[in-house]
Structures are given as C-alpha cells and as structure tokens.
Amino acid sequence: MTAAPPTDGVLVDRYGRVARDLRVSLTDKCNLRCTYCMPAEGLPWLAGPQLLTDDEIVRLVRVAVRLLGISEVRFTGGEPMIRPGLLGIVAAVAALEPRPRISLTTNGLGLQRLAPALRDAGLDRVNVSLDTVDAGRFARLTRRDRLADVLAGLTGAVAAGLTPVKINTVLMRGVNDDEAPALLRFALAHGYELRFIEQMPLDAQHGWDRAAMVTADEILAALRTEFDLSPDPAERGAAPAETWLIDGGPARVGVIGSVTRPFCGDCDRTRLTADGQVRACLFATEESDLRGALRGGADDAELARRWRSAMWGKRAGHGIDDPTFLQPARPMSAIGG
C-alpha cells in the first residue's frame, strides 16, 4: 500500500477497504421530532444555497458510480421524501450505466402515496424507521401522532414492490426497551425484515450516554424470551447487521451493534451530505468539500480525485470506546444514515 491515495480506480482506504455503498443525504430537515434525534423545536436547517441542487446530486452520484465503483446508492435525510425533486433524482440515478441498486431510508410519512411513483422512478426498496407499534408511545417518541400513517406507508411499500421492506428500530432504556418481542411479532406477521440498531452518539442534544444505551446483547436476550435465535449461516460480508434465524428460519432478525459490536473492519460505505461534504465515517469529525470544487468548475476527474483523497484518510475504526472520542458536531439528521 502506498503512502498517497490512488489517482484512479475505486474508493480504497489505507487499510484496504473499498467503498461500494454510497449514502446520500437529500435534506437535513425532518417532519418528525424524535426525542433521541433532535429537540422539539427542530434545528437550524441548512440554507437553500448551501444545499446541493438536484442536478449537482445526480452529477456527484454519476461520478461515484462511473468513476469510483459505487454499486449501491441509499438516499437518506433528515427525511428524504420531503425533498421536492426526489422522484427526478431517483429516476436520473436509475438511468445510470452501470445501474446501481437504489434504496431509501425514510420515516414512512407519505410513503403510501409516493411508493408507486418511487417504484416507477426506479427505486428498488425502502428502510422505514419505526421504534414502537404503540400509538401513544409513538406520539411521545416522535412528538407527532402519526403511527397510522407510517403503518400505511409500510403496507404501501409492499404493494408497490419496494421489497424487501426493512424496519429500523432503536430501543431506549425505560422508553421502549420492553417492546422488542412485540416489534418482531409485528414484523413477522407482515413479512417485514426487522433490524434493531444500538443508539449511537449522533443526537443534536449531545445527550447520549453509553451506560443508558440498550446493547446488542440485551436486545438478543429480550428476543430470546419468546423466540429461538440461531446464527445465520449466510455470509455477512459488509452488511452492518448481524442476523439470526428465527425459530429455525427462514425468517431473520438483525442487530446492528455499532457501539458494542463494531464492524469497522468490513465497512464499505461513503457518505455525501446534503451540502456536498464527503464523510468517510458516520462518526468522522472531519469532512471533505465537493460542493466548492463542483461549483468552482472542477471536471468529473477532479471530483473523483478529491473523493478518493477523502476516503484514503478513513480511520481504522470509529473510536467510540476511546477516551478521546468526540461526538461529531453534526447530528444524524444533518449527516444522513
């Protein structure tokens, strides 16, 4: 391995990891106010001129796919479905050669209405964030009484063929940590794939406390009170979720232990924020600006060179266990998942 980043080819770092999966944040705004993500009044949103335009997003994704070997594109937010140009962006990315696999992470509000159009535009599947199936608890957690709309969105996604539909769930101690088996029963009943995610230090309030976090081991113990779980023999690869067969399979449940079971050594992700910054890691404290170069007249080759350089500096791990770990200044809503 050389001491300098490569001048052509894929997005490789100093440890030999290759980024194939691009997460693109389309907006930092959200129409929910989940207590573990942001305050009730919201956040100071990015100003319009700071945001990449639809054409700029498509151009950068094109550079990533054609010049940098990206084969999967996930659109995130904030809440990506509130981006007015979402359908056009998806359609333009679906038209790229080679065509990447395209997915969307959403809170599900409005998904019932948009699912057919998203499928027609070229979206392959969705991940929906859902932390409870109790309406009162949902209202307290999100500060919005919209559980019925999310459930309708899940149904609409299946009807539109945006499958497999995955559910992302964060358990919080004393809030919804008693609900793991119920959430899995719900997912199994409807054919959704459930993924529990350890709460990460990405809240706007910087109130994350590892001691209060519900760990992967605790999640599995809760599930085993009602289900028999056995290790999934399928190769995990770079997938963030460890999966288990439920009662012998074929149904599976996943746990993303980002904090207690880090998978940094197999990470294949690169991130582009809504304002055009490359992030080599979800927990990075530094970013590399592509928006300035793009608006300054850089050609595709130069944009690719800058992106390679940004990923070359990716650290070996996120360092949450290190006493010197600093939470990123940007919250999850501004970074993109």
# chains A, B, ... in the order shown; residues from 1 in each chain; ligands from 1
>>> residues_around(residues="segment 213-223 of chain A", least_positions_apart="6", cutoff="9 Å", atoms="only C-alpha atoms", output="list in words")
Val170, Leu171, Met172, Arg173, Asp177, Asp178, Glu179, Ala180, Pro181, Leu184, Phe196, Ile197, Glu198, Gln199, Met200, Leu229, Val255, Ile256, Gly257, Ser258, Val259, Thr260 and Arg261 of chain A
>>> select_by_dssp(residues="segment 99-244 of chain A", states="strand (DSSP E)", output="list in words")
Arg101, Ile102, Ser103, Leu104, Thr105, Thr106, Arg125, Val126, Asn127, Val128, Ser129, Lys166, Ile167, Asn168, Thr169, Val170, Glu193, Leu194, Arg195, Phe196, Ile197, Leu229, Ser230, Pro231, Glu242, Thr243 and Trp244 of chain A
>>> residues_around(residues="Arg113 of chain A", least_positions_apart="4", cutoff="10 Å", atoms="only C-alpha atoms", output="PyMOL selection string")
chain A and resi 109+117-118+152-153+156-157
>>> write_last_selection(atoms="N, CA and C atoms", output="PDB file, in the first residue's frame")
ATOM      1  N   LEU A 109     -43.688   8.598   6.581  1.00  0.00           N
ATOM      2  CA  LEU A 109     -44.788   9.542   6.379  1.00  0.00           C
ATOM      3  C   LEU A 109     -44.880   9.892   4.894  1.00  0.00           C
ATOM      4  N   ALA A 117     -44.981   5.842  -7.305  1.00  0.00           N
ATOM      5  CA  ALA A 117     -44.169   6.726  -8.140  1.00  0.00           C
ATOM      6  C   ALA A 117     -42.687   6.470  -7.933  1.00  0.00           C
ATOM      7  N   LEU A 118     -42.294   6.180  -6.700  1.00  0.00           N
ATOM      8  CA  LEU A 118     -40.895   5.872  -6.432  1.00  0.00           C
ATOM      9  C   LEU A 118     -40.480   4.588  -7.151  1.00  0.00           C
ATOM     10  N   ALA A 152     -49.432   2.623   7.281  1.00  0.00           N
ATOM     11  CA  ALA A 152     -49.977   2.641   5.923  1.00  0.00           C
ATOM     12  C   ALA A 152     -48.853   2.729   4.891  1.00  0.00           C
ATOM     13  N   GLY A 153     -47.800   3.456   5.222  1.00  0.00           N
ATOM     14  CA  GLY A 153     -46.660   3.558   4.327  1.00  0.00           C
ATOM     15  C   GLY A 153     -45.962   2.227   4.130  1.00  0.00           C
ATOM     16  N   GLY A 156     -48.089   0.238   1.863  1.00  0.00           N
ATOM     17  CA  GLY A 156     -47.985   0.770   0.513  1.00  0.00           C
ATOM     18  C   GLY A 156     -46.682   0.398  -0.173  1.00  0.00           C
ATOM     19  N   ALA A 157     -45.609   0.331   0.595  1.00  0.00           N
ATOM     20  CA  ALA A 157     -44.315  -0.042   0.025  1.00  0.00           C
ATOM     21  C   ALA A 157     -44.339  -1.477  -0.483  1.00  0.00           C
TER      22      ALA A 157
END
>>> select_by_dssp(residues="segment 48-111 of chain A", states="helix (DSSP H, G or I)", output="ChimeraX atom specification")
/A:48-50,54-68,80-82,86-94,111
>>> residues_around(residues="segment 138-145 of chain A", least_positions_apart="3", cutoff="10 Å", atoms="only C-alpha atoms", output="JSON, numbers by chain")
{"A": [31, 32, 33, 34, 35, 36, 37, 38, 39, 40, 130, 131, 132, 133, 134, 135, 148, 149, 175, 176]}
>>> atom_distance(atom1="atom CA of Arg74 of chain A", atom2="atom CA of Val165 of chain A")
13.8 Å
>>> closest_residue(among="A:Ala280, A:Ala187, A:Ala239, A:Cys264", to="Ala251 of chain A", atoms="only C-alpha atoms")
A:Ala187
>>> decode(residues="segment 294-308 of chain A", atoms="N, CA and C atoms", output="mmCIF file, in the first residue's frame")
data_model
loop_
_atom_site.group_PDB
_atom_site.id
_atom_site.type_symbol
_atom_site.label_atom_id
_atom_site.label_comp_id
_atom_site.auth_asym_id
_atom_site.auth_seq_id
_atom_site.Cartn_x
_atom_site.Cartn_y
_atom_site.Cartn_z
ATOM 1 N N LEU A 294 -17.121 21.519 -7.167
ATOM 2 C CA LEU A 294 -18.127 21.359 -8.220
ATOM 3 C C LEU A 294 -18.566 22.720 -8.746
ATOM 4 N N ARG A 295 -18.876 23.629 -7.842
ATOM 5 C CA ARG A 295 -19.347 24.962 -8.262
ATOM 6 C C ARG A 295 -18.211 25.837 -8.769
ATOM 7 N N GLY A 296 -16.981 25.429 -8.466
ATOM 8 C CA GLY A 296 -15.824 26.160 -8.971
ATOM 9 C C GLY A 296 -15.377 25.723 -10.348
ATOM 10 N N GLY A 297 -16.070 24.768 -10.927
ATOM 11 C CA GLY A 297 -15.762 24.361 -12.295
ATOM 12 C C GLY A 297 -14.962 23.093 -12.432
ATOM 13 N N ALA A 298 -14.765 22.341 -11.356
ATOM 14 C CA ALA A 298 -13.996 21.098 -11.438
ATOM 15 C C ALA A 298 -14.676 20.112 -12.375
ATOM 16 N N ASP A 299 -13.867 19.392 -13.159
ATOM 17 C CA ASP A 299 -14.441 18.367 -14.021
ATOM 18 C C ASP A 299 -14.631 17.080 -13.222
ATOM 19 N N ASP A 300 -15.233 16.080 -13.857
ATOM 20 C CA ASP A 300 -15.547 14.841 -13.135
ATOM 21 C C ASP A 300 -14.294 14.154 -12.608
ATOM 22 N N ALA A 301 -13.230 14.200 -13.382
ATOM 23 C CA ALA A 301 -11.987 13.550 -12.951
ATOM 24 C C ALA A 301 -11.444 14.197 -11.675
ATOM 25 N N GLU A 302 -11.543 15.508 -11.576
ATOM 26 C CA GLU A 302 -11.067 16.205 -10.387
ATOM 27 C C GLU A 302 -11.961 15.902 -9.186
ATOM 28 N N LEU A 303 -13.260 15.848 -9.399
ATOM 29 C CA LEU A 303 -14.168 15.490 -8.309
ATOM 30 C C LEU A 303 -13.866 14.082 -7.803
ATOM 31 N N ALA A 304 -13.609 13.160 -8.734
ATOM 32 C CA ALA A 304 -13.269 11.796 -8.341
ATOM 33 C C ALA A 304 -11.956 11.767 -7.562
ATOM 34 N N ARG A 305 -10.971 12.557 -7.989
ATOM 35 C CA ARG A 305 -9.685 12.593 -7.289
ATOM 36 C C ARG A 305 -9.861 13.067 -5.857
ATOM 37 N N ARG A 306 -10.671 14.107 -5.668
ATOM 38 C CA ARG A 306 -10.912 14.635 -4.334
ATOM 39 C C ARG A 306 -11.643 13.609 -3.458
ATOM 40 N N TRP A 307 -12.558 12.895 -4.058
ATOM 41 C CA TRP A 307 -13.310 11.881 -3.307
ATOM 42 C C TRP A 307 -12.385 10.750 -2.880
ATOM 43 N N ARG A 308 -11.506 10.309 -3.797
ATOM 44 C CA ARG A 308 -10.530 9.270 -3.422
ATOM 45 C C ARG A 308 -9.656 9.728 -2.271
#
